[in-house]
Each structure stands twice: as C-alpha cells, then as structure tokens.
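File shown: start-v7.cif (mmCIF, C-alpha atoms).
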data_model
loop_
_atom_site.group_PDB
_atom_site.id
_atom_site.type_symbol
_atom_site.label_atom_id
_atom_site.label_comp_id
_atom_site.auth_asym_id
_atom_site.auth_seq_id
_atom_site.Cartn_x
_atom_site.Cartn_y
_atom_site.Cartn_z
ATOM 1 C CA MET A 29 66.405 84.963 12.587
ATOM 2 C CA ALA A 30 64.794 83.435 15.678
ATOM 3 C CA ASP A 31 61.035 83.337 16.108
ATOM 4 C CA THR A 32 60.150 85.934 18.758
ATOM 5 C CA SER A 33 56.465 84.993 18.814
ATOM 6 C CA GLN A 34 57.258 82.652 21.718
ATOM 7 C CA ALA A 35 57.990 85.629 23.933
ATOM 8 C CA ALA A 36 54.741 87.305 22.897
ATOM 9 C CA ALA A 37 52.849 84.135 23.784
ATOM 10 C CA TRP A 38 54.476 83.880 27.220
ATOM 11 C CA PRO A 39 51.846 82.974 29.857
ATOM 12 C CA LYS A 40 50.117 85.980 31.366
ATOM 13 C CA GLN A 41 50.869 84.911 34.938
ATOM 14 C CA THR A 42 54.596 85.474 34.338
ATOM 15 C CA GLN A 43 53.844 89.004 33.168
ATOM 16 C CA LEU A 44 52.601 89.743 36.688
ATOM 17 C CA LYS A 45 55.880 88.692 38.298
ATOM 18 C CA ARG A 46 58.733 91.105 38.835
ATOM 19 C CA PRO A 47 62.362 90.386 37.996
ATOM 20 C CA LEU A 48 64.262 89.053 41.000
ATOM 21 C CA PHE A 49 67.560 90.705 40.055
ATOM 22 C CA PRO A 50 69.078 92.996 37.412
ATOM 23 C CA LEU A 51 70.442 91.220 34.351
ATOM 24 C CA GLY A 52 73.019 93.834 33.388
ATOM 25 C CA LYS A 53 74.183 93.653 29.796
ATOM 26 C CA VAL A 54 72.780 90.532 28.088
ATOM 27 C CA VAL A 55 75.285 88.809 25.814
ATOM 28 C CA ALA A 56 75.665 85.428 24.141
ATOM 29 C CA THR A 57 78.548 83.323 22.943
ATOM 30 C CA PRO A 58 78.754 82.418 19.255
ATOM 31 C CA GLY A 59 77.835 78.821 20.109
ATOM 32 C CA ALA A 60 74.700 79.860 21.972
ATOM 33 C CA LEU A 61 73.631 82.156 19.132
ATOM 34 C CA SER A 62 74.218 79.392 16.584
ATOM 35 C CA LEU A 63 72.163 76.923 18.609
ATOM 36 C CA PHE A 64 69.207 79.289 18.941
ATOM 37 C CA GLU A 65 69.356 80.001 15.219
ATOM 38 C CA ALA A 66 69.655 76.315 14.282
ATOM 39 C CA LEU A 67 66.634 75.449 16.438
ATOM 40 C CA ASN A 68 64.694 78.562 15.320
ATOM 41 C CA THR A 69 64.163 79.341 19.010
ATOM 42 C CA SER A 70 64.056 82.696 20.762
ATOM 43 C CA PRO A 71 66.361 83.177 23.753
ATOM 44 C CA LEU A 72 63.770 85.481 25.371
ATOM 45 C CA GLU A 73 61.808 82.638 26.968
ATOM 46 C CA TYR A 74 64.928 81.453 28.769
ATOM 47 C CA LEU A 75 65.920 84.964 29.791
ATOM 48 C CA PHE A 76 62.458 85.519 31.305
ATOM 49 C CA ARG A 77 62.596 82.188 33.140
ATOM 50 C CA HIS A 78 66.048 82.990 34.514
ATOM 51 C CA VAL A 79 65.206 86.464 35.838
ATOM 52 C CA LEU A 80 61.920 85.210 37.351
ATOM 53 C CA GLY A 81 63.672 82.467 39.343
ATOM 54 C CA ASP A 82 62.943 79.398 37.211
ATOM 55 C CA TRP A 83 66.464 77.990 37.202
ATOM 56 C CA GLY A 84 65.653 75.131 34.824
ATOM 57 C CA GLU A 85 67.251 71.765 35.409
ATOM 58 C CA LEU A 86 69.628 72.189 38.340
ATOM 59 C CA GLU A 87 70.536 70.011 41.295
ATOM 60 C CA ALA A 88 69.032 71.008 44.658
ATOM 61 C CA GLU A 89 72.395 72.357 45.847
ATOM 62 C CA ASP A 90 72.685 74.671 42.832
ATOM 63 C CA ARG A 91 69.093 75.875 43.320
ATOM 64 C CA GLN A 92 69.909 76.711 46.943
ATOM 65 C CA ALA A 93 73.040 78.553 45.802
ATOM 66 C CA ASN A 94 70.910 80.666 43.449
ATOM 67 C CA GLU A 95 68.442 81.474 46.231
ATOM 68 C CA ALA A 96 71.349 82.531 48.455
ATOM 69 C CA ALA A 97 72.777 84.583 45.568
ATOM 70 C CA LEU A 98 69.603 86.665 45.539
ATOM 71 C CA VAL A 99 70.351 87.694 49.121
ATOM 72 C CA HIS A 100 74.152 87.819 49.105
ATOM 73 C CA GLY A 101 74.843 89.062 45.588
ATOM 74 C CA THR A 102 76.777 86.125 44.168
ATOM 75 C CA ARG A 103 76.632 84.557 40.704
ATOM 76 C CA ILE A 104 73.316 83.088 39.450
ATOM 77 C CA VAL A 105 73.284 80.117 37.069
ATOM 78 C CA SER A 106 70.432 78.488 35.154
ATOM 79 C CA SER A 107 70.445 75.453 32.871
ATOM 80 C CA TYR A 108 67.741 74.731 30.311
ATOM 81 C CA ARG A 109 67.231 71.808 27.980
ATOM 82 C CA LEU A 110 66.389 72.816 24.443
ATOM 83 C CA GLN A 111 65.431 70.279 21.789
ATOM 84 C CA GLY A 112 66.834 66.820 22.431
ATOM 85 C CA GLU A 113 69.774 66.807 24.797
ATOM 86 C CA ARG A 114 71.097 70.248 23.864
ATOM 87 C CA ARG A 115 71.463 72.606 26.822
ATOM 88 C CA ILE A 116 71.884 76.320 27.243
ATOM 89 C CA TRP A 117 73.266 77.975 30.359
ATOM 90 C CA LEU A 118 72.632 81.489 31.602
ATOM 91 C CA ILE A 119 75.050 83.049 34.048
ATOM 92 C CA THR A 120 74.437 86.392 35.736
ATOM 93 C CA GLU A 121 77.605 87.823 37.239
ATOM 94 C CA ALA A 122 77.824 88.504 40.967
ATOM 95 C CA ASP A 123 77.966 92.261 40.401
ATOM 96 C CA ARG A 124 74.912 91.981 38.078
ATOM 97 C CA SER A 125 76.840 93.720 35.303
ATOM 98 C CA ALA A 126 76.127 91.024 32.715
ATOM 99 C CA THR A 127 74.121 87.914 31.925
ATOM 100 C CA THR A 128 75.618 85.486 29.422
ATOM 101 C CA PHE A 129 73.996 82.769 27.309
ATOM 102 C CA LEU A 130 76.485 79.989 26.651
ATOM 103 C CA LEU A 131 76.752 76.303 25.905
ATOM 104 C CA PRO A 132 78.056 74.123 28.757
ATOM 105 C CA GLU A 133 81.115 73.190 26.706
ATOM 106 C CA GLU A 134 81.947 76.901 26.309
ATOM 107 C CA TYR A 135 82.281 77.407 30.070
#

Please express the file's structure as structure tokens.
Amino acid sequence: MADTSQAAAWPKQTQLKRPLFPLGKVVATPGALSLFEALNTSPLEYLFRHVLGDWGELEAEDRQANEAALVHGTRIVSSYRLQGERRIWLITEADRSATTFLLPEEY
C-alpha cells in the first residue's frame, strides 16, 4: 500500500489554490499502479500538481497546449519524473470525464 502521508504533508500554499479543471473519474493503468507500489509513493501528490496547473516536465509547446486546453476544453497532459528516470503521465480527457495515470510506454 502506498504511503499517503505525502499528501497530508503537502505544502499549505497549495491548499489555498483551487482546482483549474474537473478531473472526472480518476483511474490508473496496471503499470502505473505497480510503479507507485514499487516506489512506495502516493499518486495524490501528482494528482494535486496536475489539477493545480503544475504540468511537470513538459516542453514549452505542451505547456502552452495545456493552458489553451483550460480555455478551449481540450485534453490536458502532465509528465512527472519519479525516482530515477521513471516517469508517470496524467491525461485528463477533453470532456473532463476522466483523468488517467499511465506510464509513457502504455500510451
């Protein structure tokens, strides 16, 4: 089971921010779940970052696409580095019906 104390220790300044968009149903692929479990890491930190507009490690063009998606209702993508070179992606669908945690190779 992942350590959820990270979410409880989230900096107070982020608690003052409001979500930028609805997440819809939050789901994860088996690979993403396995990675979080293997690293004993909670996915909540990354979910909070995503919904608050911290897109992680993206190119400038992808960041601009996410900013436009907030206005025009298109897909939102974030990419975060976990331990080492392992990455996790979050994708919120254009209709905001779902947000998915997945590994890049699962895309």

*Tell me which protein, DNA and RNA residues are within 12 Å of A:Leu63, counting only C-alpha atoms, leaving out same-chain ones fewer than 2 positions away, and put them as a VMD selection string.*
chain A and resid 29 to 30 56 to 61 65 to 71 109 to 111 114 to 117 129 to 131

Mind checking which residues fall within 6 Å of stretch 72-84 of chain A, counting only C-alpha atoms, ignoring those fewer than 4 positions away in the same chain, and posting them as a list in words? Ala35, Pro47, Leu48, Ser106, Ser107 and Tyr108 of chain A

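Picture a line from atom CA of A:Gly112 to atom CA of A:Glu89; it runs 24.7 Å.
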
Atom pair atom CA of A:Phe64 + atom CA of A:Asp90, distance 24.6 Å

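Picked by the PyMOL selection byres ((chain A and resi 102) around 9) from the coordinates shown: Ala93, Asn94, Ala96, Ala97, Leu98, Val99, His100, Gly101, Arg103, Ile104, Thr120, Glu121, Ala122, Asp123 and Arg124 of chain A.
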